[in-house]
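Engineer: Okay, handing you the structure first.
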Amino acid sequence: MDESTPPSKDRQASPGPRTAPAWAAPALASVLARVAVTRTEVGDRFPLYADPDTGTWKTTARGSWTGGFWAGLLWLRARYTSDGADRAAARACTARLADWAEADTAARGLIFWYGTVFADEDLGLRERAARACLNDFIPELGLVPWGSAFGGPRLTARVDGVPGMVPLLAAADLEVAHSHLRRHVDLCLGARPLRWSWRHDPGAGWIACADPPPGWSRGPAWLLLALAEAAHLPGGDEFSGHAALLTRQLVPPADAAHPEGPRDTSAAAITALALLGLGHRDRAVAVLGTLVGTRLTVDGRLLDGCYDLATGTAIRQELIWGDFFLAYALAALTGLTALSP
């Protein structure tokens, strides 16, 4: 199928602006059915990526930077089914993320914003994490640093430390949230080729890092998502002019330097949600239609996600964040949830 178009039945239906394409609801149902299967398999552990042939998950004990996506999927399933057991599973999983609230990492935006975005009760973790992140804000640098929790220099600005962190910080201090995004926009879009990670040196200032590479698929996707999240905040129009720089192919290669290499459906799913948030519905539907029509299995697995091409880690797998953002976008498209809960 041509990746520039959604599935044929959607082209025939030509849905109106408030009508979800015919394929959206069945696709969401299959992804959320997969959540139930995954929950049985992983128990109290957190799924990370799954074998494309068997569907068996590689898991982590504490969730790492991806734990919030699993909690978020469980909450979304609970919203979809209104089942008490699903709700209890989501609550228990979210509680297991508590140790990350004060961890030294800007990935807390990914963990606590997306892990609680569909929650129907206040577990206190989002507010706790927001306060902790605010305490870690460095005014002289204008951001919450990537931190040391995953190794490497603490005073680093990484693009994946922006989505989720912007709305999380905004709940505690709107100006700090704006500053965090502004610094990353200036760094990530201020160099050619684009750079997605920067290390701060007290003497030399900000120095571009080689990893992730300029052609990294999720670099533009993460930043576009952060811009979409900022658009829903007061003063968010400050960042509106940057979005056009970040939209390219529907399902991008994992690294633009290797256009014939593996694709990255997780980047496409992130981009689709961002496009919906920015009001580019037709483009978002085209991306989602391509994912559903060409990469989503009957049993709800979004294949061809690429975790890390450089190290050869999970380069054609189902990724937990790919499933999450596909489900989030489909839920928004079908009206199950709002884009800005």
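Here, A, B, ... name the chains of the structure tokens in the order displayed, residue numbers run from 1 inside each chain, and ligands are numbered from 1 in the same displayed order.
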Mind listing the strand (DSSP E or B) residues of region 149-248 of chain A, per DSSP on the backbone, as number ranges by chain?
Structural biologist: A: 156-158, 197-201, 205-208, 216
Engineer: Output N, CA and C atoms for every residue in that selection, as a PDB file, in the first residue's frame.
Structural biologist:
```
ATOM      1  N   THR A 156      22.567  17.646  30.669  1.00  0.00           N
ATOM      2  CA  THR A 156      22.295  17.352  29.264  1.00  0.00           C
ATOM      3  C   THR A 156      20.862  17.762  28.945  1.00  0.00           C
ATOM      4  N   ALA A 157      20.664  18.261  27.739  1.00  0.00           N
ATOM      5  CA  ALA A 157      19.328  18.561  27.226  1.00  0.00           C
ATOM      6  C   ALA A 157      19.027  17.558  26.126  1.00  0.00           C
ATOM      7  N   ARG A 158      18.039  16.692  26.350  1.00  0.00           N
ATOM      8  CA  ARG A 158      17.636  15.702  25.352  1.00  0.00           C
ATOM      9  C   ARG A 158      16.198  15.955  24.951  1.00  0.00           C
ATOM     10  N   SER A 197      20.406  16.059  21.225  1.00  0.00           N
ATOM     11  CA  SER A 197      20.973  15.976  22.559  1.00  0.00           C
ATOM     12  C   SER A 197      22.153  16.931  22.662  1.00  0.00           C
ATOM     13  N   TRP A 198      22.221  17.667  23.802  1.00  0.00           N
ATOM     14  CA  TRP A 198      23.267  18.664  24.018  1.00  0.00           C
ATOM     15  C   TRP A 198      23.791  18.541  25.442  1.00  0.00           C
ATOM     16  N   ARG A 199      25.105  18.623  25.575  1.00  0.00           N
ATOM     17  CA  ARG A 199      25.743  18.573  26.885  1.00  0.00           C
ATOM     18  C   ARG A 199      26.225  19.968  27.244  1.00  0.00           C
ATOM     19  N   HIS A 200      25.992  20.364  28.497  1.00  0.00           N
ATOM     20  CA  HIS A 200      26.438  21.687  28.922  1.00  0.00           C
ATOM     21  C   HIS A 200      27.791  21.595  29.601  1.00  0.00           C
ATOM     22  N   ASP A 201      28.725  22.389  29.099  1.00  0.00           N
ATOM     23  CA  ASP A 201      30.063  22.502  29.683  1.00  0.00           C
ATOM     24  C   ASP A 201      30.187  23.882  30.318  1.00  0.00           C
ATOM     25  N   GLY A 205      29.896  26.119  27.215  1.00  0.00           N
ATOM     26  CA  GLY A 205      28.465  26.233  26.939  1.00  0.00           C
ATOM     27  C   GLY A 205      27.896  24.922  26.436  1.00  0.00           C
ATOM     28  N   TRP A 206      26.912  25.021  25.546  1.00  0.00           N
ATOM     29  CA  TRP A 206      26.219  23.835  25.053  1.00  0.00           C
ATOM     30  C   TRP A 206      26.991  23.207  23.903  1.00  0.00           C
ATOM     31  N   ILE A 207      27.218  21.903  23.996  1.00  0.00           N
ATOM     32  CA  ILE A 207      27.968  21.148  22.991  1.00  0.00           C
ATOM     33  C   ILE A 207      27.075  20.025  22.466  1.00  0.00           C
ATOM     34  N   ALA A 208      26.926  19.940  21.151  1.00  0.00           N
ATOM     35  CA  ALA A 208      26.068  18.915  20.555  1.00  0.00           C
ATOM     36  C   ALA A 208      26.646  17.525  20.774  1.00  0.00           C
ATOM     37  N   TRP A 216      17.722  10.776  13.608  1.00  0.00           N
ATOM     38  CA  TRP A 216      16.925   9.941  14.510  1.00  0.00           C
ATOM     39  C   TRP A 216      15.440  10.202  14.317  1.00  0.00           C
TER      40      TRP A 216
END
```
Engineer: Check region 94-285 of chain A with DSSP on the backbone and list each residue it calls alpha helix (DSSP H), as a ChimeraX atom specification.
Structural biologist: /A:94-95,108,114-116,125-135,165-170,174-188,218-231,265-277,281-285
Engineer: Compare A:Pro262, A:Pro47, A:Gly147, A:Pro252 by their minimum atom-to-atom distance to Pro220 (chain A), counting only C-alpha atoms, and give me the closest one.
Structural biologist: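 Checking each of A:Pro262, A:Pro47, A:Gly147, A:Pro252 against Pro220 (chain A), counting only C-alpha atoms, the winner is A:Pro252.
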Engineer: Could you list, as a ChimeraX atom specification, every residue within 7 Å of region 58-64 of chain A, counting only C-alpha atoms and ignoring same-chain residues fewer than 4 positions away?
Structural biologist: /A:45-50
Engineer: Can you tell me which residues surround Phe118 (chain A) at a distance of at most 9 Å, considering only C-alpha atoms, apart from same-chain residues fewer than 2 positions away, and format the answer as a list in words?
Structural biologist: Gly72, Leu73, Leu74, Trp75, Leu76, Ala78, Arg79, Tyr114, Gly115, Thr116, Asp120, Thr337 and Pro341 of chain A
Engineer: Take the residues from that selection and write them out as a PDB file, in the first residue's frame, keeping N, CA, C and O atoms.
Structural biologist:
```pdb
ATOM      1  N   GLY A  72      -0.292   3.932  31.365  1.00  0.00           N
ATOM      2  CA  GLY A  72      -1.261   4.678  30.571  1.00  0.00           C
ATOM      3  C   GLY A  72      -2.158   3.779  29.743  1.00  0.00           C
ATOM      4  O   GLY A  72      -3.369   4.025  29.622  1.00  0.00           O
ATOM      5  N   LEU A  73      -1.589   2.727  29.167  1.00  0.00           N
ATOM      6  CA  LEU A  73      -2.407   1.784  28.399  1.00  0.00           C
ATOM      7  C   LEU A  73      -3.405   1.057  29.296  1.00  0.00           C
ATOM      8  O   LEU A  73      -4.559   0.818  28.894  1.00  0.00           O
ATOM      9  N   LEU A  74      -2.983   0.717  30.497  1.00  0.00           N
ATOM     10  CA  LEU A  74      -3.911   0.061  31.417  1.00  0.00           C
ATOM     11  C   LEU A  74      -5.053   0.990  31.809  1.00  0.00           C
ATOM     12  O   LEU A  74      -6.217   0.563  31.880  1.00  0.00           O
ATOM     13  N   TRP A  75      -4.764   2.268  32.050  1.00  0.00           N
ATOM     14  CA  TRP A  75      -5.824   3.230  32.363  1.00  0.00           C
ATOM     15  C   TRP A  75      -6.755   3.428  31.164  1.00  0.00           C
ATOM     16  O   TRP A  75      -7.968   3.548  31.325  1.00  0.00           O
ATOM     17  N   LEU A  76      -6.184   3.447  29.970  1.00  0.00           N
ATOM     18  CA  LEU A  76      -7.024   3.629  28.789  1.00  0.00           C
ATOM     19  C   LEU A  76      -7.933   2.423  28.593  1.00  0.00           C
ATOM     20  O   LEU A  76      -9.114   2.571  28.242  1.00  0.00           O
ATOM     21  N   ALA A  78      -9.049   0.559  30.997  1.00  0.00           N
ATOM     22  CA  ALA A  78     -10.064   0.678  32.043  1.00  0.00           C
ATOM     23  C   ALA A  78     -11.147   1.671  31.645  1.00  0.00           C
ATOM     24  O   ALA A  78     -12.342   1.452  31.907  1.00  0.00           O
ATOM     25  N   ARG A  79     -10.748   2.743  31.005  1.00  0.00           N
ATOM     26  CA  ARG A  79     -11.738   3.716  30.532  1.00  0.00           C
ATOM     27  C   ARG A  79     -12.617   3.094  29.443  1.00  0.00           C
ATOM     28  O   ARG A  79     -13.822   3.347  29.375  1.00  0.00           O
ATOM     29  N   TYR A 114       2.248  10.666  30.961  1.00  0.00           N
ATOM     30  CA  TYR A 114       1.524   9.668  30.176  1.00  0.00           C
ATOM     31  C   TYR A 114       1.032   8.512  31.035  1.00  0.00           C
ATOM     32  O   TYR A 114       0.045   7.855  30.690  1.00  0.00           O
ATOM     33  N   GLY A 115       1.690   8.276  32.157  1.00  0.00           N
ATOM     34  CA  GLY A 115       1.233   7.219  33.050  1.00  0.00           C
ATOM     35  C   GLY A 115      -0.047   7.556  33.785  1.00  0.00           C
ATOM     36  O   GLY A 115      -0.743   6.658  34.274  1.00  0.00           O
ATOM     37  N   THR A 116      -0.390   8.840  33.864  1.00  0.00           N
ATOM     38  CA  THR A 116      -1.584   9.257  34.609  1.00  0.00           C
ATOM     39  C   THR A 116      -2.589  10.019  33.759  1.00  0.00           C
ATOM     40  O   THR A 116      -3.632  10.426  34.259  1.00  0.00           O
ATOM     41  N   ASP A 120      -8.514   8.020  36.349  1.00  0.00           N
ATOM     42  CA  ASP A 120      -9.763   8.613  36.808  1.00  0.00           C
ATOM     43  C   ASP A 120      -9.754   8.855  38.316  1.00  0.00           C
ATOM     44  O   ASP A 120     -10.799   9.121  38.916  1.00  0.00           O
ATOM     45  N   THR A 337     -11.388   9.702  24.427  1.00  0.00           N
ATOM     46  CA  THR A 337     -10.699  10.617  25.337  1.00  0.00           C
ATOM     47  C   THR A 337     -10.444  11.933  24.619  1.00  0.00           C
ATOM     48  O   THR A 337     -10.415  11.983  23.382  1.00  0.00           O
ATOM     49  N   PRO A 341      -6.689  16.115  28.459  1.00  0.00           N
ATOM     50  CA  PRO A 341      -7.558  15.777  29.593  1.00  0.00           C
ATOM     51  C   PRO A 341      -7.378  16.741  30.756  1.00  0.00           C
ATOM     52  O   PRO A 341      -6.314  17.283  30.949  1.00  0.00           O
TER      53      PRO A 341
END
```
Engineer: To one decimal in Å, tell me the separation between CA of Asp44 (chain A) and CA of Trp57 (chain A).
Structural biologist: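 Distance between the two atoms: 12.9 Å.
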Engineer: Leaving out region 173-184 of chain A and any residue of its chain fewer than 2 positions from it, which residues lie within 9 Å of it when counting only C-alpha atoms, given as a ChimeraX atom specification?
Structural biologist: /A:134,137,139,141-144,157-159,161-163,165-171,186-189,196-197,223,226-227,230,233-236,239
Engineer: What does the distance from CA of Pro212 (chain A) to CA of Ala130 (chain A) come to in Å, to one decimal?
Structural biologist: 26.4 Å
Engineer: So which residues touch region 23-37 of chain A within 7 Å, counting only C-alpha atoms, skipping near sequence neighbours fewer than 4 positions away, as a count of residues only?
Structural biologist: 13
Engineer: List as a VMD selection string the protein and nucleic acid residues near Ala243 (chain A), meaning an atom at most 12 Å away when only C-alpha atoms are counted, but skip any in the same chain fewer than 5 places from it.
Structural biologist: chain A and resid 185 189 220 to 231 237 to 238 248 271 274 to 275 277 to 280
Engineer: Filtering to C-alpha atoms, could you give me those residues as a compact mmCIF listing (two decimals), in the first residue's frame?
Structural biologist:
```txt
# COMPACT_ATOMS: atom_id res chain seq x y z
CA VAL A 185 13.60 24.29 20.77
CA LEU A 189 16.31 23.47 15.93
CA PRO A 220 11.28 15.39 15.37
CA ALA A 221 8.37 13.33 16.72
CA TRP A 222 9.13 14.05 20.38
CA LEU A 223 9.62 17.75 19.78
CA LEU A 224 6.46 18.00 17.69
CA LEU A 225 4.52 16.34 20.49
CA ALA A 226 5.91 18.81 23.02
CA LEU A 227 4.86 21.69 20.77
CA ALA A 228 1.36 20.23 20.53
CA GLU A 229 1.17 19.96 24.31
CA ALA A 230 2.33 23.55 24.70
CA ALA A 231 -0.34 24.70 22.24
CA ASP A 237 1.25 30.19 20.56
CA GLU A 238 4.84 31.34 21.09
CA ARG A 248 8.08 14.55 7.01
CA THR A 271 3.64 12.24 15.25
CA ALA A 274 0.96 15.54 17.87
CA LEU A 275 -0.73 16.38 14.58
CA GLY A 277 -3.16 18.16 18.96
CA LEU A 278 -2.05 20.82 16.51
CA GLY A 279 -5.30 20.60 14.53
CA HIS A 280 -3.84 18.85 11.47
```
Engineer: Counting only C-alpha atoms, figure out which residue out of A:Trp65, A:Tyr307, A:Trp321, A:Tyr80 gets nearest to Arg108 (chain A).
Structural biologist: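 Smallest separation from Arg108 (chain A) among the options: A:Trp65.
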